[in-house]
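Source file: model03.pdb. Holds: PDB, C-alpha atoms.
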ATOM      1  CA  ALA A   1      16.261   1.401   8.417
ATOM      2  CA  GLU A   2      18.308  -0.622  10.880
ATOM      3  CA  LYS A   3      17.771  -3.798   8.829
ATOM      4  CA  VAL A   4      19.603  -2.253   5.882
ATOM      5  CA  GLY A   5      22.391  -0.766   7.992
ATOM      6  CA  GLN A   6      21.193   2.837   7.804
ATOM      7  CA  PRO A   7      19.530   3.550  11.179
ATOM      8  CA  GLN A   8      19.725   7.311  10.614
ATOM      9  CA  LYS A   9      17.497   7.124   7.510
ATOM     10  CA  ILE A  10      13.740   7.296   7.323
ATOM     11  CA  PHE A  11      12.135   5.060   4.704
ATOM     12  CA  LEU A  12       8.575   5.295   3.465
ATOM     13  CA  HIS A  13       6.560   2.491   1.947
ATOM     14  CA  ALA A  14       5.893   2.868  -1.768
ATOM     15  CA  GLU A  15       2.193   3.482  -1.146
ATOM     16  CA  VAL A  16       2.904   6.551   0.991
ATOM     17  CA  VAL A  17       5.435   7.891  -1.511
ATOM     18  CA  ALA A  18       2.907   7.480  -4.340
ATOM     19  CA  LEU A  19       0.179   9.225  -2.338
ATOM     20  CA  LEU A  20       2.481  12.120  -1.429
ATOM     21  CA  ARG A  21       3.579  12.549  -5.037
ATOM     22  CA  ALA A  22      -0.014  12.405  -6.265
ATOM     23  CA  SER A  23      -1.024  15.002  -3.696
ATOM     24  CA  LEU A  24       1.408  17.482  -5.263
ATOM     25  CA  HIS A  25      -0.636  17.268  -8.456
ATOM     26  CA  LYS A  26      -4.043  16.875  -6.778
ATOM     27  CA  VAL A  27      -4.685  13.629  -8.683
ATOM     28  CA  TYR A  28      -5.508  11.262  -5.833
ATOM     29  CA  THR A  29      -9.071  12.072  -4.777
ATOM     30  CA  SER A  30     -11.566   9.321  -5.595
ATOM     31  CA  HIS A  31      -8.915   7.223  -7.275
ATOM     32  CA  THR A  32      -7.769   3.660  -6.892
ATOM     33  CA  LEU A  33      -4.385   2.727  -5.449
ATOM     34  CA  THR A  34      -2.756  -0.358  -6.977
ATOM     35  CA  VAL A  35       0.136  -2.084  -5.212
ATOM     36  CA  LYS A  36       1.975  -4.915  -6.969
ATOM     37  CA  ARG A  37       4.958  -6.821  -5.659
ATOM     38  CA  ILE A  38       6.742  -9.085  -8.131
ATOM     39  CA  ASP A  39       9.524 -11.441  -7.077
ATOM     40  CA  ARG A  40      12.710 -12.347  -8.918
ATOM     41  CA  ASN A  41      10.865 -15.066 -10.808
ATOM     42  CA  GLU A  42       8.429 -12.444 -12.108
ATOM     43  CA  THR A  43       5.496 -13.853 -10.156
ATOM     44  CA  TYR A  44       3.168 -11.892  -7.903
ATOM     45  CA  THR A  45       3.744 -11.983  -4.184
ATOM     46  CA  ASP A  46       1.920 -10.487  -1.189
ATOM     47  CA  ALA A  47       1.543  -6.696  -1.263
ATOM     48  CA  MET A  48      -1.493  -5.937   0.895
ATOM     49  CA  PRO A  49      -0.913  -2.452   2.298
ATOM     50  CA  CYS A  50       0.126  -2.348   5.949
ATOM     51  CA  PRO A  51      -2.053  -0.588   8.564
ATOM     52  CA  ILE A  52      -0.105   2.679   8.275
ATOM     53  CA  CYS A  53      -0.394   2.728   4.478
ATOM     54  CA  VAL A  54      -4.128   2.016   4.756
ATOM     55  CA  GLU A  55      -4.519   4.987   7.109
ATOM     56  CA  ALA A  56      -2.646   7.148   4.580
ATOM     57  CA  ALA A  57      -4.992   5.949   1.821
ATOM     58  CA  ILE A  58      -7.996   6.879   3.965
ATOM     59  CA  PHE A  59      -6.486  10.297   4.720
ATOM     60  CA  PHE A  60      -5.931  10.986   1.016
ATOM     61  CA  GLY A  61      -9.445   9.889   0.085
ATOM     62  CA  ILE A  62      -8.573   6.733  -1.822
ATOM     63  CA  LYS A  63     -11.777   4.819  -2.560
ATOM     64  CA  LYS A  64     -10.446   1.430  -3.712
ATOM     65  CA  ILE A  65      -7.206  -0.516  -3.329
ATOM     66  CA  ASN A  66      -5.960  -3.292  -5.597
ATOM     67  CA  TYR A  67      -3.020  -5.406  -4.459
ATOM     68  CA  SER A  68      -1.137  -8.518  -5.431
ATOM     69  CA  THR A  69      -1.050 -11.816  -3.548
ATOM     70  CA  LYS A  70       0.711 -15.084  -4.253
ATOM     71  CA  GLN A  71      -2.530 -16.238  -5.859
ATOM     72  CA  GLY A  72      -2.835 -13.186  -8.154
ATOM     73  CA  MET A  73      -4.459  -9.764  -7.896
ATOM     74  CA  VAL A  74      -7.181  -8.636  -5.487
ATOM     75  CA  TYR A  75      -9.313  -5.837  -6.908
ATOM     76  CA  GLY A  76     -11.623  -3.213  -5.459
ATOM     77  CA  LYS A  77     -11.144  -3.505  -1.707
ATOM     78  CA  THR A  78     -11.966  -0.369   0.233
ATOM     79  CA  PRO A  79      -9.357   0.957   2.653
ATOM     80  CA  GLN A  80     -11.886   0.349   5.423
ATOM     81  CA  GLU A  81     -12.149  -3.346   4.477
ATOM     82  CA  ILE A  82      -8.379  -3.737   4.634
ATOM     83  CA  LYS A  83      -8.248  -1.815   7.913
ATOM     84  CA  ALA A  84     -10.891  -4.147   9.391
ATOM     85  CA  TYR A  85      -8.885  -7.162   8.211
ATOM     86  CA  HIS A  86      -5.745  -5.888   9.971
ATOM     87  CA  GLN A  87      -7.720  -5.120  13.141
ATOM     88  CA  SER A  88      -9.171  -8.637  13.151
ATOM     89  CA  ARG A  89      -5.655 -10.059  13.222
ATOM     90  CA  GLU A  90      -4.452  -8.031  16.233
TER
END
In structure tokens, write the structure found in this file.
Amino acid sequence: AEKVGQPQKIFLHAEVVALLRASLHKVYTSHTLTVKRIDRNETYTDAMPCPICVEAAIFFGIKKINYSTKQGMVYGKTPQEIKAYHQSRE
């Protein structure tokens, strides 16, 4: 929030917003979360969910996560696999 000059605001990552919206309609259980980030040149860029978003996916029962990288899409990772990756980099 401070980086965009609005320190009083609370911003959520798109993954958390999508999970919260899906929870209102009970459509998230056993589903796959897909996160794509596309730059100004319309090419994929890195969008692996952060540790907090991965924890949210686990909480909501997401089974698989797809996400974009600079090399293309990564399909079918479990939240636990992504969590382990983040933990290995600490």
* **Selection dump of the PyMOL selection byres ((chain A and resi 60) around 12), as number ranges by chain** => A: 15-16, 18-24, 26-33, 53-59, 61-64, 79
* Looking at A:Cys50, A:Ile65, A:Met73, A:Ile82, which one is nearest to Arg37 in chain A, with distances taken over all atoms listed in the file? ->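 Nearest to Arg37 in chain A: A:Met73.
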Axis-aligned box over every listed atom of range 65-72 of chain A, padded by 4 Å per side: centre and edges in Å to one decimal, as AutoDock Vina command-line options?
--center_x -3.2 --center_y -8.4 --center_z -5.7 --size_x 15.9 --size_y 23.7 --size_z 12.8
* Asked: Please, what distance in Å, to one decimal, runs between CA of Glu42 in chain A and CA of Ile10 in chain A?
  ->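 That distance, rounded to one decimal, is 28.2 Å.
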* Asked: Rounded to one decimal in Å, what is the spacing between CA of Ile52 in chain A and CA of Gly76 in chain A?
  -> 18.9 Å
* Asked: How would you write, as a list in words, the residues chosen by the PyMOL selection byres ((chain A and resi 72) around 9) on this structure?
  ->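 The output of the PyMOL selection byres ((chain A and resi 72) around 9) on this file is Thr43, Tyr44, Thr45, Asp46, Tyr67, Ser68, Thr69, Lys70, Gln71, Met73 and Val74 of chain A.
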* Rounded to one decimal place, report the CA of His86 in chain A-CA of Arg40 in chain A distance in Å. =>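 Between CA of His86 in chain A and CA of Arg40 in chain A the gap is 27.2 Å.
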* Long-range neighbours of Tyr85 in chain A as a list in words, 12 Å cut-off, only C-alpha atoms, 5 positions minimum in chain ->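 Within the cut-off, the hits are Met48, Pro49, Cys50, Pro51, Val54, Lys77, Thr78, Pro79, Gln80 and Glu90 of chain A.
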* Asked: Taking into account all atoms listed in the file, which residue in the set A:Ala84, A:Ala47, A:Leu12, A:Val35 is nearest to Asn66 in chain A?
  ->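 Ranked by minimum distance to Asn66 in chain A, first place goes to A:Val35.
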